[in-house]
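S.K.: Below is the structure I would like to discuss, written out as structure tokens.
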Amino acid sequence: MKIELIDTSVKIGNKIILESIHYKMIPQSFIHLKGDNGSGKTVFMQTLLGFYKCIGKCELSLPKKETVYIPDTPFFNENTSVKEIIHTYRYFFNVSTEMIHDCLNTLEFNHSLNMKTASLSLGTKKKLEILPLFFPMRKVYFLDEITLGLDSKSTRLVIDRIVALHKLGSTFIMSEHNPKIIEALSQHIEIKELICHNKKIVQSS
């Protein structure tokens, strides 16, 4: 696994989103990605995942089967049923239906599997979205505002799970606006901050 950007820029259409970025991923590290809305945090994550073509030197070698990306908005559309989401997770993460049901029970998901996601609240949709965090450990996690909309009990489960996975050796890059989440994590994890500002990614002093 190797992720390194040297004097790298990212352009979407005719617009430069990130410019002259220098970054090297350190295995088993925990990065908190900070910045205002629209500062490029999500684009930075997605660049590391290989979603965008880089301008400059860019080495992206992530083990796909050992990488989890949970975006800030659901990947499923409003007409998708809970059962279909479970099937998708089974296929992409090679986990059993029973394990997924156990994770749903942990998160106190009490809805019919035939329900369409359009009928679910934001918090309930978020529970479906964060399920991969509770699957067997992967090496790298990219988490983009995953606690938004969650109730306090589910948020606590997320914090505890992240701490447990990091202790096992997982690497994290996380965007999170709620300072209480980062404060809770920092009680157990050494967190380094990267700040997105003016198209740059800089390490916090």
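Note on naming: chains are A, B, ... as they come in the structure tokens, residues start from 1 per chain, ligands start from 1 in the order shown.
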Would you give me, as a PyMOL selection string, the residues in segment 7-192 of chain A that DSSP reads as strand (DSSP E or B)?
M.R.: chain A and resi 7-12+15-24+30-34+54-61+67-70+81+116+140-144+171-175+192
S.K.: Mind writing the picked residues with C-alpha atoms as a PDB file, in the first residue's frame?
M.R.:
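Output contents, as saved in selection12.pdb:
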ATOM      1  CA  ASP A   7       3.312  18.771  -6.227  1.00  0.00           C
ATOM      2  CA  THR A   8      -0.031  17.393  -7.390  1.00  0.00           C
ATOM      3  CA  SER A   9      -3.044  19.356  -8.623  1.00  0.00           C
ATOM      4  CA  VAL A  10      -6.589  18.222  -9.309  1.00  0.00           C
ATOM      5  CA  LYS A  11      -8.780  19.775 -11.966  1.00  0.00           C
ATOM      6  CA  ILE A  12     -12.499  19.128 -12.504  1.00  0.00           C
ATOM      7  CA  LYS A  15     -11.675  24.451 -12.468  1.00  0.00           C
ATOM      8  CA  ILE A  16      -8.630  23.690 -10.334  1.00  0.00           C
ATOM      9  CA  ILE A  17      -9.884  22.322  -7.001  1.00  0.00           C
ATOM     10  CA  LEU A  18      -6.571  21.384  -5.371  1.00  0.00           C
ATOM     11  CA  GLU A  19      -3.167  22.793  -6.246  1.00  0.00           C
ATOM     12  CA  SER A  20       0.450  21.857  -5.472  1.00  0.00           C
ATOM     13  CA  ILE A  21      -0.483  19.158  -2.957  1.00  0.00           C
ATOM     14  CA  HIS A  22       2.201  17.231  -1.076  1.00  0.00           C
ATOM     15  CA  TYR A  23       0.990  14.250   0.944  1.00  0.00           C
ATOM     16  CA  LYS A  24       2.227  10.806   1.924  1.00  0.00           C
ATOM     17  CA  PHE A  30      -5.329   8.784  11.775  1.00  0.00           C
ATOM     18  CA  ILE A  31      -5.885  11.957   9.763  1.00  0.00           C
ATOM     19  CA  HIS A  32      -8.637  14.441  10.552  1.00  0.00           C
ATOM     20  CA  LEU A  33      -9.333  16.429   7.394  1.00  0.00           C
ATOM     21  CA  LYS A  34     -10.546  19.939   8.256  1.00  0.00           C
ATOM     22  CA  CYS A  54      -3.868  13.915 -11.061  1.00  0.00           C
ATOM     23  CA  ILE A  55      -1.670  16.604 -12.573  1.00  0.00           C
ATOM     24  CA  GLY A  56       1.865  16.046 -11.274  1.00  0.00           C
ATOM     25  CA  LYS A  57       3.479  13.104  -9.521  1.00  0.00           C
ATOM     26  CA  CYS A  58       0.891  10.810  -8.027  1.00  0.00           C
ATOM     27  CA  GLU A  59       1.326   7.258  -6.739  1.00  0.00           C
ATOM     28  CA  LEU A  60      -1.915   5.600  -5.679  1.00  0.00           C
ATOM     29  CA  SER A  61      -1.680   1.971  -4.658  1.00  0.00           C
ATOM     30  CA  THR A  67     -10.340  -0.210   1.534  1.00  0.00           C
ATOM     31  CA  VAL A  68     -13.632   1.241   2.776  1.00  0.00           C
ATOM     32  CA  TYR A  69     -15.009   4.571   1.572  1.00  0.00           C
ATOM     33  CA  ILE A  70     -18.146   5.929   3.228  1.00  0.00           C
ATOM     34  CA  SER A  81     -34.902  -1.287  -1.037  1.00  0.00           C
ATOM     35  CA  LYS A 116     -37.565   1.746  -0.024  1.00  0.00           C
ATOM     36  CA  VAL A 140      -7.833   1.698   5.174  1.00  0.00           C
ATOM     37  CA  TYR A 141     -10.967   3.744   5.900  1.00  0.00           C
ATOM     38  CA  PHE A 142     -12.037   6.981   4.225  1.00  0.00           C
ATOM     39  CA  LEU A 143     -14.901   8.480   6.241  1.00  0.00           C
ATOM     40  CA  ASP A 144     -16.645  11.634   5.019  1.00  0.00           C
ATOM     41  CA  THR A 171      -5.466   3.635   8.745  1.00  0.00           C
ATOM     42  CA  PHE A 172      -8.072   6.418   8.767  1.00  0.00           C
ATOM     43  CA  ILE A 173      -8.717   9.613   6.860  1.00  0.00           C
ATOM     44  CA  MET A 174     -11.808  11.265   8.297  1.00  0.00           C
ATOM     45  CA  SER A 175     -13.697  14.464   7.607  1.00  0.00           C
ATOM     46  CA  LYS A 192      -3.069  14.521  13.018  1.00  0.00           C
TER      47      LYS A 192
END
S.K.: Which one of A:Thr155, A:His197, A:Val82, A:Ser29 sits closest to Leu168 of chain A if you count only C-alpha atoms?
M.R.: A:Ser29
S.K.: Determine which residues of segment 42-196 of chain A DSSP labels as alpha helix (DSSP H) from the backbone of this structure, then write them out as a ChimeraX atom specification.
M.R.: /A:42-48,82-93,97-106,122-129,152-167,179-186
S.K.: Applying 8 Å and only C-alpha atoms, which residues near Gly169 of chain A remain after dropping the ones on its own chain fewer than 4 positions away? List them as a PyMOL selection string.
M.R.: chain A and resi 28+139+165
S.K.: Suppose we keep N, CA and C atoms; can you now write the selection as a PDB file, in the first residue's frame?
M.R.:
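Heads up, here's the output in again-v5.pdb:
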ATOM      1  N   GLN A  28      -1.391   3.078   9.431  1.00  0.00           N
ATOM      2  CA  GLN A  28      -1.885   3.049  10.807  1.00  0.00           C
ATOM      3  C   GLN A  28      -2.012   4.450  11.422  1.00  0.00           C
ATOM      4  N   LYS A 139      -7.962  -2.495   5.959  1.00  0.00           N
ATOM      5  CA  LYS A 139      -6.716  -1.783   6.248  1.00  0.00           C
ATOM      6  C   LYS A 139      -6.870  -0.266   6.239  1.00  0.00           C
ATOM      7  N   LEU A 165     -10.967  -0.418  15.639  1.00  0.00           N
ATOM      8  CA  LEU A 165     -10.318  -0.718  14.359  1.00  0.00           C
ATOM      9  C   LEU A 165      -8.924  -0.102  14.287  1.00  0.00           C
TER      10      LEU A 165
END
S.K.: Using only C-alpha atoms for the distances, tell me which of A:Ile3, A:Met25, A:Val163, A:Leu131 is nearest to Phe93 of chain A.
M.R.: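 Closest candidate: A:Leu131.
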S.K.: Near Asn37 of chain A, within 12 Å and counting only C-alpha atoms, which residues show up once chain neighbours fewer than 2 positions away are dropped, as an MDAnalysis selection string?
M.R.: chainID A and resid 33:35 39:43 72 145 175:177 195:198
S.K.: Dump C-alpha atoms for the selected residues as a compact mmCIF listing (two decimals), in the first residue's frame?
M.R.:
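Writing the result to out_28.txt gives the following:
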# COMPACT_ATOMS: atom_id res chain seq x y z
CA LEU A 33 -9.33 16.43 7.39
CA LYS A 34 -10.55 19.94 8.26
CA GLY A 35 -11.86 22.80 6.17
CA SER A 39 -12.73 23.61 0.46
CA GLY A 40 -11.87 20.36 -1.31
CA LYS A 41 -11.93 17.77 1.48
CA THR A 42 -14.13 15.32 -0.41
CA VAL A 43 -12.18 15.85 -3.64
CA ASP A 72 -21.11 12.05 2.99
CA GLU A 145 -18.98 13.21 7.61
CA SER A 175 -13.70 14.46 7.61
CA GLU A 176 -15.83 15.47 10.58
CA HIS A 177 -17.33 18.89 11.41
CA ILE A 195 -6.40 21.58 6.69
CA CYS A 196 -7.97 22.24 3.29
CA HIS A 197 -7.77 25.94 2.49
CA ASN A 198 -7.23 28.01 -0.66
S.K.: Find the distance between atom CA of Leu62 of chain A and atom CA of Ile100 of chain A and write it in Å to one decimal.
M.R.: 24.6 Å
S.K.: Hey, which bits of segment 15-113 of chain A sit within 12 Å of segment 119-125 of chain A, and for each residue what's the closest pair of atoms and how far apart in Å (one decimal), counting only C-alpha atoms, rows by chain and increasing number, as a tab-separated table?
M.R.:
residue	atom	partner	partner_atom	distance
A:Asp72	CA	A:Lys125	CA	11.5
A:Thr73	CA	A:Lys125	CA	9.5
A:Pro74	CA	A:Lys125	CA	7.5
A:Phe75	CA	A:Lys125	CA	10.4
A:Phe76	CA	A:Lys125	CA	9.4
A:Asn77	CA	A:Lys125	CA	10.6
A:Glu78	CA	A:Ser119	CA	8.1
A:Asn79	CA	A:Ser119	CA	9.3
A:Thr80	CA	A:Ser119	CA	10.3
A:Ser81	CA	A:Ser119	CA	9.7
A:Val82	CA	A:Lys125	CA	9.4
A:Ile85	CA	A:Lys125	CA	10.8
A:Leu104	CA	A:Thr124	CA	10.4
A:Leu107	CA	A:Thr124	CA	9.3
A:Glu108	CA	A:Thr124	CA	9.5
A:Phe109	CA	A:Thr124	CA	7.3
A:Asn110	CA	A:Thr124	CA	9.4
A:His111	CA	A:Leu120	CA	8.7
A:Ser112	CA	A:Leu120	CA	10.5
A:Leu113	CA	A:Leu120	CA	11.4
S.K.: Take the residues that were just selected and, keeping C-alpha atoms, output them as a PDB file, in the first residue's frame.
M.R.:
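What follows is the written file out35.pdb:
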ATOM      1  CA  ASP A  72     -21.113  12.054   2.986  1.00  0.00           C
ATOM      2  CA  THR A  73     -24.206  11.234   0.911  1.00  0.00           C
ATOM      3  CA  PRO A  74     -25.753   7.784   0.349  1.00  0.00           C
ATOM      4  CA  PHE A  75     -24.636   5.820  -2.699  1.00  0.00           C
ATOM      5  CA  PHE A  76     -28.118   4.335  -3.080  1.00  0.00           C
ATOM      6  CA  ASN A  77     -31.080   6.077  -4.698  1.00  0.00           C
ATOM      7  CA  GLU A  78     -34.535   6.609  -3.223  1.00  0.00           C
ATOM      8  CA  ASN A  79     -36.056   3.624  -5.032  1.00  0.00           C
ATOM      9  CA  THR A  80     -33.547   1.145  -3.613  1.00  0.00           C
ATOM     10  CA  SER A  81     -34.902  -1.287  -1.037  1.00  0.00           C
ATOM     11  CA  VAL A  82     -33.076  -2.227   2.144  1.00  0.00           C
ATOM     12  CA  ILE A  85     -28.584  -2.595  -0.263  1.00  0.00           C
ATOM     13  CA  LEU A 104     -28.247  -3.820  11.582  1.00  0.00           C
ATOM     14  CA  LEU A 107     -27.451  -0.180  15.132  1.00  0.00           C
ATOM     15  CA  GLU A 108     -31.053  -0.888  16.174  1.00  0.00           C
ATOM     16  CA  PHE A 109     -32.362  -0.840  12.610  1.00  0.00           C
ATOM     17  CA  ASN A 110     -35.949  -2.043  13.016  1.00  0.00           C
ATOM     18  CA  HIS A 111     -37.492  -1.537   9.574  1.00  0.00           C
ATOM     19  CA  SER A 112     -38.758  -3.982   6.969  1.00  0.00           C
ATOM     20  CA  LEU A 113     -36.127  -5.114   4.481  1.00  0.00           C
TER      21      LEU A 113
END
S.K.: Find the residues near Ile162 of chain A: any atom within 9 Å, counting only C-alpha atoms, skip ones fewer than 6 places away on the same chain, and give them as a PDB file with N, CA and C atoms, in the first residue's frame.
M.R.:
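Wrote it out as around05.pdb, contents follow:
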ATOM      1  N   LEU A 133     -18.486  -0.009   8.166  1.00  0.00           N
ATOM      2  CA  LEU A 133     -17.605   0.247   9.301  1.00  0.00           C
ATOM      3  C   LEU A 133     -17.661  -0.897  10.311  1.00  0.00           C
ATOM      4  N   SER A 170      -5.759  -0.320  11.599  1.00  0.00           N
ATOM      5  CA  SER A 170      -6.337   0.322  10.413  1.00  0.00           C
ATOM      6  C   SER A 170      -5.880   1.777  10.300  1.00  0.00           C
ATOM      7  N   PHE A 172      -6.847   5.636   8.948  1.00  0.00           N
ATOM      8  CA  PHE A 172      -8.072   6.418   8.767  1.00  0.00           C
ATOM      9  C   PHE A 172      -7.775   7.799   8.197  1.00  0.00           C
ATOM     10  N   LEU A 185     -12.652  10.843  20.046  1.00  0.00           N
ATOM     11  CA  LEU A 185     -11.673   9.952  19.419  1.00  0.00           C
ATOM     12  C   LEU A 185     -10.265  10.224  19.931  1.00  0.00           C
TER      13      LEU A 185
END
S.K.: For atom CA of Glu4 of chain A and atom CA of Leu49 of chain A, determine how far apart the two atoms are, in Å to one decimal place.
M.R.: 11.5 Å
S.K.: Distance atom CA of Ser152 of chain A-atom CA of Pro132 of chain A, one decimal place?
M.R.: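 Atom-to-atom, atom CA of Ser152 of chain A to atom CA of Pro132 of chain A, that is 19.1 Å.
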S.K.: A:Met1, A:Lys53, A:Gly38, A:Gly149: which is nearest Gly13 of chain A, counting only C-alpha atoms?
M.R.: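 Checking each candidate against Gly13 of chain A, we get A:Lys53 as the closest.
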